[in-house]
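**Q** Sharing coords_8.cif, mmCIF, C-alpha atoms:
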```cif
data_model
#
loop_
_atom_site.group_PDB
_atom_site.id
_atom_site.type_symbol
_atom_site.label_atom_id
_atom_site.label_comp_id
_atom_site.auth_asym_id
_atom_site.auth_seq_id
_atom_site.Cartn_x
_atom_site.Cartn_y
_atom_site.Cartn_z
ATOM 1 C CA MET A 1 8.870 -86.809 -45.467
ATOM 2 C CA PRO A 2 10.156 -86.268 -49.004
ATOM 3 C CA GLY A 3 7.409 -85.621 -51.517
ATOM 4 C CA SER A 4 4.809 -84.658 -48.873
ATOM 5 C CA PRO A 5 3.239 -81.202 -49.187
ATOM 6 C CA ALA A 6 4.933 -78.619 -46.950
ATOM 7 C CA VAL A 7 2.877 -76.012 -45.085
ATOM 8 C CA ARG A 8 4.710 -72.748 -44.477
ATOM 9 C CA SER A 9 3.607 -69.438 -42.935
ATOM 10 C CA VAL A 10 4.965 -66.462 -44.834
ATOM 11 C CA ILE A 11 4.461 -62.828 -43.707
ATOM 12 C CA PHE A 12 4.039 -60.247 -46.474
ATOM 13 C CA TRP A 13 4.408 -56.905 -44.588
ATOM 14 C CA ASP A 14 1.050 -56.722 -42.815
ATOM 15 C CA THR A 15 -0.601 -60.019 -43.863
ATOM 16 C CA GLU A 16 0.304 -63.519 -42.835
ATOM 17 C CA TRP A 17 -0.021 -65.964 -45.728
ATOM 18 C CA VAL A 18 -0.347 -69.718 -45.230
ATOM 19 C CA CYS A 19 0.761 -71.489 -48.383
ATOM 20 C CA GLU A 20 1.042 -75.139 -49.279
ATOM 21 C CA TYR A 21 3.878 -76.296 -51.507
ATOM 22 C CA PRO A 22 4.419 -79.895 -52.519
ATOM 23 C CA THR A 23 8.222 -79.738 -52.427
ATOM 24 C CA GLN A 24 10.982 -77.647 -50.998
ATOM 25 C CA GLN A 25 12.206 -76.751 -54.493
ATOM 26 C CA GLU A 26 8.883 -75.206 -55.484
ATOM 27 C CA LEU A 27 8.814 -73.345 -52.174
ATOM 28 C CA ASN A 28 12.269 -71.928 -52.881
ATOM 29 C CA LYS A 29 11.104 -70.831 -56.327
ATOM 30 C CA ALA A 30 8.040 -69.110 -54.870
ATOM 31 C CA LEU A 31 9.859 -67.356 -52.006
ATOM 32 C CA PRO A 32 11.227 -64.474 -54.087
ATOM 33 C CA ILE A 33 7.614 -63.437 -54.764
ATOM 34 C CA PHE A 34 7.109 -62.633 -51.036
ATOM 35 C CA VAL A 35 9.071 -60.147 -48.902
ATOM 36 C CA LEU A 36 9.654 -61.329 -45.367
ATOM 37 C CA ALA A 37 9.004 -58.663 -42.694
ATOM 38 C CA PRO A 38 12.078 -57.774 -40.601
ATOM 39 C CA GLU A 39 12.109 -58.684 -36.926
ATOM 40 C CA THR A 40 12.374 -55.029 -35.932
ATOM 41 C CA LEU A 41 9.202 -54.195 -37.872
ATOM 42 C CA LEU A 42 7.291 -56.911 -36.041
ATOM 43 C CA LYS A 43 8.539 -55.572 -32.703
ATOM 44 C CA GLN A 44 7.563 -52.020 -33.650
ATOM 45 C CA ARG A 45 4.097 -53.176 -34.674
ATOM 46 C CA LYS A 46 3.609 -55.059 -31.409
ATOM 47 C CA HIS A 47 4.834 -52.049 -29.413
ATOM 48 C CA ALA A 48 2.465 -49.728 -31.289
ATOM 49 C CA GLN A 49 -0.483 -52.017 -30.588
ATOM 50 C CA LYS A 50 0.411 -52.154 -26.892
ATOM 51 C CA THR A 51 0.774 -48.367 -26.725
ATOM 52 C CA ALA A 52 -2.607 -47.852 -28.412
ATOM 53 C CA ALA A 53 -4.256 -50.267 -25.979
ATOM 54 C CA ASP A 54 -2.648 -48.498 -22.985
ATOM 55 C CA LYS A 55 -3.806 -45.094 -24.264
ATOM 56 C CA ALA A 56 -7.340 -46.357 -24.753
ATOM 57 C CA ALA A 57 -7.428 -47.780 -21.219
ATOM 58 C CA GLU A 58 -6.015 -44.537 -19.811
ATOM 59 C CA LYS A 59 -8.602 -42.520 -21.714
ATOM 60 C CA VAL A 60 -11.426 -44.618 -20.252
ATOM 61 C CA ALA A 61 -9.989 -44.236 -16.727
ATOM 62 C CA ASN A 62 -9.597 -40.463 -17.124
ATOM 63 C CA LYS A 63 -13.128 -40.139 -18.426
ATOM 64 C CA LYS A 64 -14.475 -41.999 -15.400
ATOM 65 C CA ALA A 65 -12.373 -39.923 -12.985
ATOM 66 C CA ASN A 66 -13.487 -36.665 -14.636
ATOM 67 C CA ARG A 67 -17.121 -37.708 -14.347
ATOM 68 C CA GLN A 68 -16.715 -38.335 -10.624
ATOM 69 C CA LYS A 69 -14.824 -35.054 -10.204
ATOM 70 C CA ARG A 70 -17.589 -33.107 -11.967
ATOM 71 C CA GLN A 71 -20.108 -34.538 -9.540
ATOM 72 C CA VAL A 72 -17.977 -33.391 -6.586
ATOM 73 C CA ILE A 73 -17.577 -29.914 -8.096
ATOM 74 C CA PHE A 74 -21.314 -29.628 -8.745
ATOM 75 C CA LYS A 75 -22.142 -30.586 -5.151
ATOM 76 C CA ARG A 76 -19.627 -28.062 -3.831
ATOM 77 C CA ALA A 77 -21.107 -25.319 -6.027
ATOM 78 C CA GLU A 78 -24.593 -26.089 -4.692
ATOM 79 C CA GLN A 79 -23.278 -25.943 -1.133
ATOM 80 C CA TYR A 80 -21.629 -22.569 -1.768
ATOM 81 C CA VAL A 81 -24.824 -21.125 -3.255
ATOM 82 C CA LYS A 82 -26.747 -22.192 -0.144
ATOM 83 C CA GLU A 83 -24.078 -20.611 2.062
ATOM 84 C CA TYR A 84 -24.165 -17.304 0.149
ATOM 85 C CA ARG A 85 -27.970 -17.170 0.317
ATOM 86 C CA GLN A 86 -27.922 -17.960 4.026
ATOM 87 C CA ILE A 87 -25.481 -15.105 4.711
ATOM 88 C CA GLU A 88 -27.606 -12.672 2.701
ATOM 89 C CA ARG A 89 -30.881 -13.714 4.344
ATOM 90 C CA SER A 90 -29.312 -13.578 7.796
ATOM 91 C CA GLU A 91 -28.264 -9.969 7.246
ATOM 92 C CA VAL A 92 -31.728 -9.009 5.983
ATOM 93 C CA ARG A 93 -33.321 -10.703 8.993
ATOM 94 C CA LEU A 94 -31.074 -8.859 11.444
ATOM 95 C CA ARG A 95 -31.829 -5.533 9.757
ATOM 96 C CA ARG A 96 -35.562 -6.126 10.044
ATOM 97 C CA GLN A 97 -35.304 -7.161 13.690
ATOM 98 C CA ALA A 98 -33.323 -4.022 14.516
ATOM 99 C CA LYS A 99 -35.862 -1.848 12.729
ATOM 100 C CA GLN A 100 -38.798 -3.468 14.499
ATOM 101 C CA THR A 101 -37.260 -2.920 17.937
ATOM 102 C CA GLY A 102 -36.163 0.635 17.139
ATOM 103 C CA ASN A 103 -32.449 -0.199 17.166
ATOM 104 C CA PHE A 104 -29.692 0.279 14.633
ATOM 105 C CA PHE A 105 -28.106 -2.567 12.722
ATOM 106 C CA VAL A 106 -24.326 -2.334 12.546
ATOM 107 C CA PRO A 107 -22.918 -4.696 9.893
ATOM 108 C CA ALA A 108 -19.715 -6.600 10.524
ATOM 109 C CA GLN A 109 -16.440 -5.040 9.489
ATOM 110 C CA PRO A 110 -15.495 -6.077 5.950
ATOM 111 C CA LYS A 111 -12.691 -8.606 5.705
ATOM 112 C CA LEU A 112 -11.974 -8.268 1.991
ATOM 113 C CA ALA A 113 -10.962 -5.303 -0.163
ATOM 114 C CA PHE A 114 -10.212 -4.872 -3.846
ATOM 115 C CA VAL A 115 -7.512 -2.315 -4.659
ATOM 116 C CA ILE A 116 -6.970 -0.677 -8.077
ATOM 117 C CA ARG A 117 -3.890 1.368 -8.917
ATOM 118 C CA THR A 118 -4.882 4.676 -10.525
ATOM 119 C CA LYS A 119 -1.492 6.330 -11.092
ATOM 120 C CA GLY A 120 1.518 5.425 -13.193
ATOM 121 C CA ILE A 121 5.145 5.174 -12.077
ATOM 122 C CA ASN A 122 6.240 8.822 -12.295
ATOM 123 C CA LYS A 123 6.660 11.159 -9.319
ATOM 124 C CA ILE A 124 5.874 8.708 -6.523
ATOM 125 C CA ALA A 125 7.632 8.952 -3.164
ATOM 126 C CA PRO A 126 9.777 5.961 -2.091
ATOM 127 C CA LYS A 127 7.491 4.830 0.723
ATOM 128 C CA PRO A 128 4.244 4.662 -1.321
ATOM 129 C CA ARG A 129 6.186 3.079 -4.166
ATOM 130 C CA LYS A 130 7.410 0.327 -1.860
ATOM 131 C CA VAL A 131 3.884 -0.279 -0.535
ATOM 132 C CA LEU A 132 2.557 -0.550 -4.093
ATOM 133 C CA GLN A 133 5.266 -3.120 -4.831
ATOM 134 C CA LEU A 134 4.366 -5.117 -1.720
ATOM 135 C CA LEU A 135 0.722 -5.153 -2.800
ATOM 136 C CA ARG A 136 1.786 -6.309 -6.318
ATOM 137 C CA LEU A 137 0.337 -3.163 -7.905
ATOM 138 C CA LEU A 138 3.136 -2.643 -10.420
ATOM 139 C CA GLN A 139 1.166 -1.122 -13.318
ATOM 140 C CA ILE A 140 -1.624 1.380 -13.696
ATOM 141 C CA ASN A 141 -5.106 -0.217 -13.618
ATOM 142 C CA ASN A 142 -3.758 -3.291 -11.844
ATOM 143 C CA GLY A 143 -6.101 -4.762 -9.231
ATOM 144 C CA VAL A 144 -5.630 -7.195 -6.334
ATOM 145 C CA PHE A 145 -7.649 -8.645 -3.464
ATOM 146 C CA ILE A 146 -6.446 -7.832 0.045
ATOM 147 C CA ARG A 147 -7.389 -9.144 3.476
ATOM 148 C CA LEU A 148 -8.343 -6.134 5.600
ATOM 149 C CA THR A 149 -6.347 -6.017 8.818
ATOM 150 C CA TYR A 150 -4.875 -3.174 10.844
ATOM 151 C CA ALA A 151 -1.569 -3.494 8.963
ATOM 152 C CA THR A 152 -3.101 -3.538 5.475
ATOM 153 C CA THR A 153 -5.403 -0.633 6.387
ATOM 154 C CA GLN A 154 -2.354 1.453 7.308
ATOM 155 C CA MET A 155 -0.715 0.490 4.018
ATOM 156 C CA LEU A 156 -3.820 1.582 2.113
ATOM 157 C CA GLN A 157 -3.704 4.931 3.884
ATOM 158 C CA ILE A 158 -0.156 5.427 2.617
ATOM 159 C CA ILE A 159 -1.120 4.812 -1.040
ATOM 160 C CA THR A 160 -4.409 6.751 -0.902
ATOM 161 C CA PRO A 161 -3.345 9.292 -3.595
ATOM 162 C CA TYR A 162 -2.393 6.495 -5.991
ATOM 163 C CA ALA A 163 -5.116 3.841 -5.625
ATOM 164 C CA ALA A 164 -8.853 3.287 -5.266
ATOM 165 C CA TRP A 165 -10.276 0.498 -3.137
ATOM 166 C CA GLY A 166 -13.462 -0.760 -1.588
ATOM 167 C CA THR A 167 -15.439 -3.815 -0.520
ATOM 168 C CA PRO A 168 -16.315 -6.117 -3.462
ATOM 169 C CA ASN A 169 -19.473 -8.189 -3.529
ATOM 170 C CA LEU A 170 -19.831 -11.773 -4.708
ATOM 171 C CA LYS A 171 -20.734 -10.775 -8.261
ATOM 172 C CA THR A 172 -17.611 -8.640 -8.599
ATOM 173 C CA VAL A 173 -15.343 -11.430 -7.320
ATOM 174 C CA LYS A 174 -16.882 -13.948 -9.716
ATOM 175 C CA GLU A 175 -16.720 -11.658 -12.746
ATOM 176 C CA LEU A 176 -13.089 -10.763 -12.113
ATOM 177 C CA ILE A 177 -11.927 -14.363 -11.707
ATOM 178 C CA TYR A 178 -14.022 -15.784 -14.537
ATOM 179 C CA LYS A 179 -13.271 -13.033 -17.048
ATOM 180 C CA ARG A 180 -9.789 -11.788 -16.178
ATOM 181 C CA GLY A 181 -8.466 -14.561 -13.952
ATOM 182 C CA TYR A 182 -4.891 -15.692 -14.531
ATOM 183 C CA GLY A 183 -2.960 -18.061 -12.299
ATOM 184 C CA LYS A 184 0.700 -18.142 -11.341
ATOM 185 C CA VAL A 185 2.036 -21.558 -12.373
ATOM 186 C CA ASN A 186 5.809 -22.028 -12.185
ATOM 187 C CA LYS A 187 6.150 -18.224 -12.093
ATOM 188 C CA GLN A 188 4.270 -17.947 -15.382
ATOM 189 C CA ARG A 189 0.984 -16.167 -16.126
ATOM 190 C CA ILE A 190 -1.425 -18.908 -17.185
ATOM 191 C CA PRO A 191 -5.105 -18.204 -18.022
ATOM 192 C CA ILE A 192 -7.627 -20.011 -15.815
ATOM 193 C CA SER A 193 -9.379 -21.746 -18.689
ATOM 194 C CA ASP A 194 -9.603 -25.152 -17.016
ATOM 195 C CA ASN A 195 -10.044 -26.468 -13.484
ATOM 196 C CA ARG A 196 -6.872 -28.510 -13.915
ATOM 197 C CA VAL A 197 -4.811 -25.311 -13.765
ATOM 198 C CA ILE A 198 -6.203 -24.679 -10.267
ATOM 199 C CA GLU A 199 -6.104 -28.288 -9.104
ATOM 200 C CA GLU A 200 -2.456 -28.829 -10.032
ATOM 201 C CA THR A 201 -1.373 -25.838 -7.920
ATOM 202 C CA LEU A 202 -3.965 -25.601 -5.129
ATOM 203 C CA GLY A 203 -5.259 -29.187 -4.992
ATOM 204 C CA LYS A 204 -3.317 -29.915 -1.801
ATOM 205 C CA TYR A 205 -5.288 -27.138 -0.084
ATOM 206 C CA GLY A 206 -8.658 -28.567 -1.128
ATOM 207 C CA ILE A 207 -9.183 -26.017 -3.933
ATOM 208 C CA ILE A 208 -9.888 -27.949 -7.138
ATOM 209 C CA CYS A 209 -12.137 -25.677 -9.217
ATOM 210 C CA VAL A 210 -13.000 -22.038 -9.902
ATOM 211 C CA GLU A 211 -15.932 -22.088 -7.478
ATOM 212 C CA ASP A 212 -13.591 -23.213 -4.691
ATOM 213 C CA LEU A 213 -11.275 -20.322 -5.556
ATOM 214 C CA VAL A 214 -14.141 -17.803 -5.574
ATOM 215 C CA HIS A 215 -15.392 -19.114 -2.222
ATOM 216 C CA GLU A 216 -11.947 -18.938 -0.631
ATOM 217 C CA ILE A 217 -11.415 -15.347 -1.818
ATOM 218 C CA TYR A 218 -14.902 -14.028 -1.032
ATOM 219 C CA THR A 219 -15.137 -15.555 2.453
ATOM 220 C CA VAL A 220 -11.434 -14.882 3.232
ATOM 221 C CA GLY A 221 -10.988 -18.512 4.229
ATOM 222 C CA PRO A 222 -8.028 -20.174 5.969
ATOM 223 C CA ASN A 223 -6.157 -20.602 2.663
ATOM 224 C CA PHE A 224 -6.828 -17.058 1.451
ATOM 225 C CA LYS A 225 -3.134 -16.146 1.346
ATOM 226 C CA VAL A 226 -2.249 -19.099 -0.896
ATOM 227 C CA ALA A 227 -5.287 -18.627 -3.147
ATOM 228 C CA ASN A 228 -4.711 -14.882 -3.494
ATOM 229 C CA ASN A 229 -1.018 -15.377 -4.239
ATOM 230 C CA PHE A 230 -1.991 -17.876 -6.944
ATOM 231 C CA LEU A 231 -4.067 -15.195 -8.687
ATOM 232 C CA TRP A 232 -2.013 -12.963 -10.934
ATOM 233 C CA PRO A 233 -2.800 -9.235 -10.427
ATOM 234 C CA PHE A 234 -5.795 -8.328 -12.581
ATOM 235 C CA LYS A 235 -5.051 -6.142 -15.589
ATOM 236 C CA LEU A 236 -8.123 -3.953 -16.010
ATOM 237 C CA SER A 237 -9.028 -1.486 -18.752
ATOM 238 C CA ASN A 238 -9.697 2.211 -18.364
ATOM 239 C CA PRO A 239 -13.262 2.718 -17.084
ATOM 240 C CA THR A 240 -16.016 3.171 -19.623
ATOM 241 C CA GLY A 241 -16.801 6.890 -19.757
ATOM 242 C CA GLY A 242 -13.376 7.774 -18.389
ATOM 243 C CA TRP A 243 -12.135 8.822 -14.974
ATOM 244 C CA ALA A 244 -13.414 11.818 -13.043
ATOM 245 C CA THR A 245 -12.396 15.298 -14.183
ATOM 246 C CA ARG A 246 -10.121 15.639 -11.165
ATOM 247 C CA LYS A 247 -8.953 12.056 -11.003
ATOM 248 C CA PHE A 248 -6.445 12.423 -8.161
ATOM 249 C CA ARG A 249 -8.869 13.970 -5.696
ATOM 250 C CA HIS A 250 -10.432 11.754 -3.072
ATOM 251 C CA PHE A 251 -13.652 9.979 -4.001
ATOM 252 C CA ILE A 252 -15.680 11.982 -1.490
ATOM 253 C CA GLU A 253 -14.353 15.194 -3.076
ATOM 254 C CA GLY A 254 -15.434 14.223 -6.569
ATOM 255 C CA GLY A 255 -12.287 12.359 -7.576
ATOM 256 C CA ASP A 256 -11.489 8.679 -7.952
ATOM 257 C CA VAL A 257 -8.828 7.722 -5.381
ATOM 258 C CA GLY A 258 -9.268 6.517 -1.827
ATOM 259 C CA ASN A 259 -11.808 4.320 -0.103
ATOM 260 C CA ARG A 260 -15.203 4.134 -1.825
ATOM 261 C CA GLU A 261 -16.593 1.132 0.136
ATOM 262 C CA ASP A 262 -19.247 -0.728 -1.884
ATOM 263 C CA LYS A 263 -19.059 1.822 -4.730
ATOM 264 C CA ILE A 264 -15.966 -0.068 -5.926
ATOM 265 C CA ASN A 265 -18.309 -2.581 -7.581
ATOM 266 C CA ALA A 266 -19.616 0.007 -10.045
ATOM 267 C CA LEU A 267 -16.043 1.038 -10.920
ATOM 268 C CA VAL A 268 -14.992 -2.563 -11.501
ATOM 269 C CA ARG A 269 -18.005 -3.082 -13.820
ATOM 270 C CA ARG A 270 -16.790 -0.185 -15.936
ATOM 271 C CA MET A 271 -13.211 -1.432 -16.017
ATOM 272 C CA ASN A 272 -13.795 -5.178 -16.421
#
```
How does the structure come out when it is put into structure tokens?
**A**
Amino acid sequence: MPGSPAVRSVIFWDTEWVCEYPTQQELNKALPIFVLAPETLLKQRKHAQKTAADKAAEKVANKKANRQKRQVIFKRAEQYVKEYRQIERSEVRLRRQAKQTGNFFVPAQPKLAFVIRTKGINKIAPKPRKVLQLLRLLQINNGVFIRLTYATTQMLQIITPYAAWGTPNLKTVKELIYKRGYGKVNKQRIPISDNRVIEETLGKYGIICVEDLVHEIYTVGPNFKVANNFLWPFKLSNPTGGWATRKFRHFIEGGDVGNREDKINALVRRMN
């Protein structure tokens, strides 16, 4: 109706103003004072609000999923600790039983070995060089885990003058993976600084955290080949105190190369 006050809603950038004007003429005079927001700006603002709400919801969902995943990882770690203790106590019990009955305890053959390359690339025969390439020992002081079989034992015999190896214990496996562990992700060397690095690559094999990886390597589980291939060869330092005076002699002759069984753990401590 003419003469009745008009109620208009005017948007001034980020504030919606509700103004009352008695006539259309006064409204037209007052309009230049306000700047109407473009339609695109309103759409952008609505899209930004929706995106922020989606991100917040996703953050809450991820936080809940991570909490549940941490609980699973913690339970698995507890289970592994019990398994390791059971293996150790079982061996002690069998040793005591053998001693009490006057017998000898013969431990099981080791299934896992850790190999360290001790020589560079010069003056190496073609056959040992090829074996070193197959074992991924491309640089001096490189180290890898190997499943001990008849075939791998023969390969280790071929590279005896150029490598040192032995049977690692649980502490050595953990220290190597935690301190110098790198994973192969899309053919790139990625540090294992988060469980997501492991889960994205090995999650389909049931390996979702570092403790799963340590357990698979130490026990030489069914997915050992995949887990070991995921680990990039360890790049170790020169041992503290240096190598032996005659480095390229066999370990039993006072050198450093060849099989040193459980004495490999002391060498890894000095090189890690």
**Q** So which residues get picked by the PyMOL selection byres ((chain A and resi 197-202) around 10) here, written as a PDB file with C-alpha atoms, in the coordinates of the input?
**A**
```pdb
ATOM      1  CA  TYR A 182      -4.891 -15.692 -14.531  1.00  0.00           C
ATOM      2  CA  GLY A 183      -2.960 -18.061 -12.299  1.00  0.00           C
ATOM      3  CA  LYS A 184       0.700 -18.142 -11.341  1.00  0.00           C
ATOM      4  CA  VAL A 185       2.036 -21.558 -12.373  1.00  0.00           C
ATOM      5  CA  ASN A 186       5.809 -22.028 -12.185  1.00  0.00           C
ATOM      6  CA  ILE A 190      -1.425 -18.908 -17.185  1.00  0.00           C
ATOM      7  CA  PRO A 191      -5.105 -18.204 -18.022  1.00  0.00           C
ATOM      8  CA  ILE A 192      -7.627 -20.011 -15.815  1.00  0.00           C
ATOM      9  CA  SER A 193      -9.379 -21.746 -18.689  1.00  0.00           C
ATOM     10  CA  ASP A 194      -9.603 -25.152 -17.016  1.00  0.00           C
ATOM     11  CA  ASN A 195     -10.044 -26.468 -13.484  1.00  0.00           C
ATOM     12  CA  ARG A 196      -6.872 -28.510 -13.915  1.00  0.00           C
ATOM     13  CA  GLY A 203      -5.259 -29.187  -4.992  1.00  0.00           C
ATOM     14  CA  LYS A 204      -3.317 -29.915  -1.801  1.00  0.00           C
ATOM     15  CA  TYR A 205      -5.288 -27.138  -0.084  1.00  0.00           C
ATOM     16  CA  GLY A 206      -8.658 -28.567  -1.128  1.00  0.00           C
ATOM     17  CA  ILE A 207      -9.183 -26.017  -3.933  1.00  0.00           C
ATOM     18  CA  ILE A 208      -9.888 -27.949  -7.138  1.00  0.00           C
ATOM     19  CA  CYS A 209     -12.137 -25.677  -9.217  1.00  0.00           C
ATOM     20  CA  VAL A 210     -13.000 -22.038  -9.902  1.00  0.00           C
ATOM     21  CA  ASP A 212     -13.591 -23.213  -4.691  1.00  0.00           C
ATOM     22  CA  LEU A 213     -11.275 -20.322  -5.556  1.00  0.00           C
ATOM     23  CA  ASN A 223      -6.157 -20.602   2.663  1.00  0.00           C
ATOM     24  CA  VAL A 226      -2.249 -19.099  -0.896  1.00  0.00           C
ATOM     25  CA  ALA A 227      -5.287 -18.627  -3.147  1.00  0.00           C
ATOM     26  CA  PHE A 230      -1.991 -17.876  -6.944  1.00  0.00           C
ATOM     27  CA  LEU A 231      -4.067 -15.195  -8.687  1.00  0.00           C
TER      28      LEU A 231
END
```
**Q** If you count only C-alpha atoms, which residues fall within 12 Å of Thr152 (chain A), apart from same-chain ones fewer than 2 positions away, as a count of residues only?
**A** 22
**Q** What does the distance from CA of Thr172 (chain A) to CA of Arg95 (chain A) come to in Å, to one decimal?
**A**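 Between these atoms lies a distance of 23.4 Å.
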**Q** Using all atoms listed in the file, which residue out of A:Leu170, A:Ala151, A:Val257, A:Arg246 lies closest to Val220 (chain A)?
**A**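 Of the candidates, the smallest distance to Val220 (chain A) is held by A:Leu170.
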**Q** Check the smallest atom-to-atom distance from each of A:Tyr218, A:Trp243, A:Phe234, A:Phe251 to Gly143 (chain A) using only C-alpha atoms, then report the winner.
**A**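 Once distances to Gly143 (chain A) are computed over only C-alpha atoms, the minimum belongs to A:Phe234.
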**Q** Running the PyMOL selection byres ((chain A and resi 247) around 10) on this model by hand, what would come out? Give it as a PyMOL selection string.
**A** chain A and resi 118-119+161-162+242-246+248-251+254-257
**Q** Would you save the residues of that selection, restricted to C-alpha atoms, as a compact mmCIF listing (two decimals), in the coordinates of the input?
**A**
```txt
# COMPACT_ATOMS: atom_id res chain seq x y z
CA THR A 118 -4.88 4.68 -10.52
CA LYS A 119 -1.49 6.33 -11.09
CA PRO A 161 -3.34 9.29 -3.60
CA TYR A 162 -2.39 6.50 -5.99
CA GLY A 242 -13.38 7.77 -18.39
CA TRP A 243 -12.14 8.82 -14.97
CA ALA A 244 -13.41 11.82 -13.04
CA THR A 245 -12.40 15.30 -14.18
CA ARG A 246 -10.12 15.64 -11.16
CA PHE A 248 -6.44 12.42 -8.16
CA ARG A 249 -8.87 13.97 -5.70
CA HIS A 250 -10.43 11.75 -3.07
CA PHE A 251 -13.65 9.98 -4.00
CA GLY A 254 -15.43 14.22 -6.57
CA GLY A 255 -12.29 12.36 -7.58
CA ASP A 256 -11.49 8.68 -7.95
CA VAL A 257 -8.83 7.72 -5.38
```
**Q** Could you tell me which residues the PyMOL selection byres ((chain A and resi 239) around 9) returns for this structure, as a ChimeraX atom specification?
**A** /A:236-238,240-243,267-272
**Q** Measuring atom to atom with all atoms listed in the file, identify which of A:Ala52, A:Val214, A:Ile116, A:Val60 is nearest to Thr167 (chain A).
**A**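 Among the listed residues, the smallest separation from Thr167 (chain A) belongs to A:Ile116.
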**Q** How many Å separate CA of Gln68 (chain A) from CA of Lys179 (chain A)?
**A** 26.3 Å
**Q** Separation of CA of Ile217 (chain A) and CA of Glu261 (chain A), in Å?
**A**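 Atom-to-atom, CA of Ile217 (chain A) and CA of Glu261 (chain A) are spaced 17.4 Å apart.
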**Q** Which one is closest to Asn229 (chain A): A:Lys187, A:Ile73, A:Asp262, A:Ile124? Count only C-alpha atoms.
**A**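 Closest residue, counting only C-alpha atoms: A:Lys187.
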**Q** Output as JSON the centre and edge lengths (Å, one decimal) of the box along x, y and z of the file that holds every listed atom of region 80-85 of chain A after adding 6 Å on each side.
**A**
```
{"center_x": -24.8, "center_y": -19.9, "center_z": -0.6, "size_x": 18.3, "size_y": 17.4, "size_z": 17.3}
```
**Q** Which of these residues is nearest to Pro128 (chain A), using all atoms listed in the file: A:Thr153, A:Phe104, A:Leu36, A:Ala163?
**A**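 Selected residue with least distance to Pro128 (chain A): A:Ala163.
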**Q** May I ask you to restore all heavy atoms in region 158-162 of chain A and write the result as a compact mmCIF listing (two decimals), keeping the file's coordinate frame?
**A**
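File produced: result-v3.txt:
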```txt
# COMPACT_ATOMS: atom_id res chain seq x y z
N ILE A 158 -1.38 4.86 3.20
CA ILE A 158 -0.16 5.43 2.62
C ILE A 158 -0.32 5.64 1.11
O ILE A 158 0.18 6.63 0.56
CB ILE A 158 1.04 4.51 2.93
CG1 ILE A 158 1.32 4.50 4.44
CG2 ILE A 158 2.29 4.95 2.18
CD1 ILE A 158 2.39 3.51 4.86
N ILE A 159 -1.01 4.72 0.43
CA ILE A 159 -1.12 4.81 -1.04
C ILE A 159 -2.45 5.43 -1.46
O ILE A 159 -2.86 5.27 -2.62
CB ILE A 159 -0.97 3.42 -1.68
CG1 ILE A 159 -2.09 2.48 -1.23
CG2 ILE A 159 0.39 2.81 -1.36
CD1 ILE A 159 -2.15 1.19 -2.00
N THR A 160 -3.11 6.15 -0.56
CA THR A 160 -4.41 6.75 -0.90
C THR A 160 -4.36 7.60 -2.16
O THR A 160 -5.26 7.52 -3.00
CB THR A 160 -4.93 7.57 0.29
OG1 THR A 160 -5.25 6.69 1.37
CG2 THR A 160 -6.19 8.34 -0.09
N PRO A 161 -3.33 8.46 -2.37
CA PRO A 161 -3.34 9.29 -3.60
C PRO A 161 -3.12 8.52 -4.89
O PRO A 161 -3.26 9.09 -5.97
CB PRO A 161 -2.19 10.28 -3.35
CG PRO A 161 -1.89 10.20 -1.91
CD PRO A 161 -2.21 8.81 -1.50
N TYR A 162 -2.78 7.24 -4.79
CA TYR A 162 -2.39 6.50 -5.99
C TYR A 162 -3.27 5.27 -6.26
O TYR A 162 -2.98 4.51 -7.18
CB TYR A 162 -0.93 6.03 -5.86
CG TYR A 162 -0.01 7.10 -5.36
CD1 TYR A 162 0.57 7.00 -4.10
CD2 TYR A 162 0.26 8.22 -6.14
CE1 TYR A 162 1.41 7.99 -3.62
CE2 TYR A 162 1.11 9.22 -5.67
CZ TYR A 162 1.68 9.11 -4.42
OH TYR A 162 2.50 10.10 -3.95
```
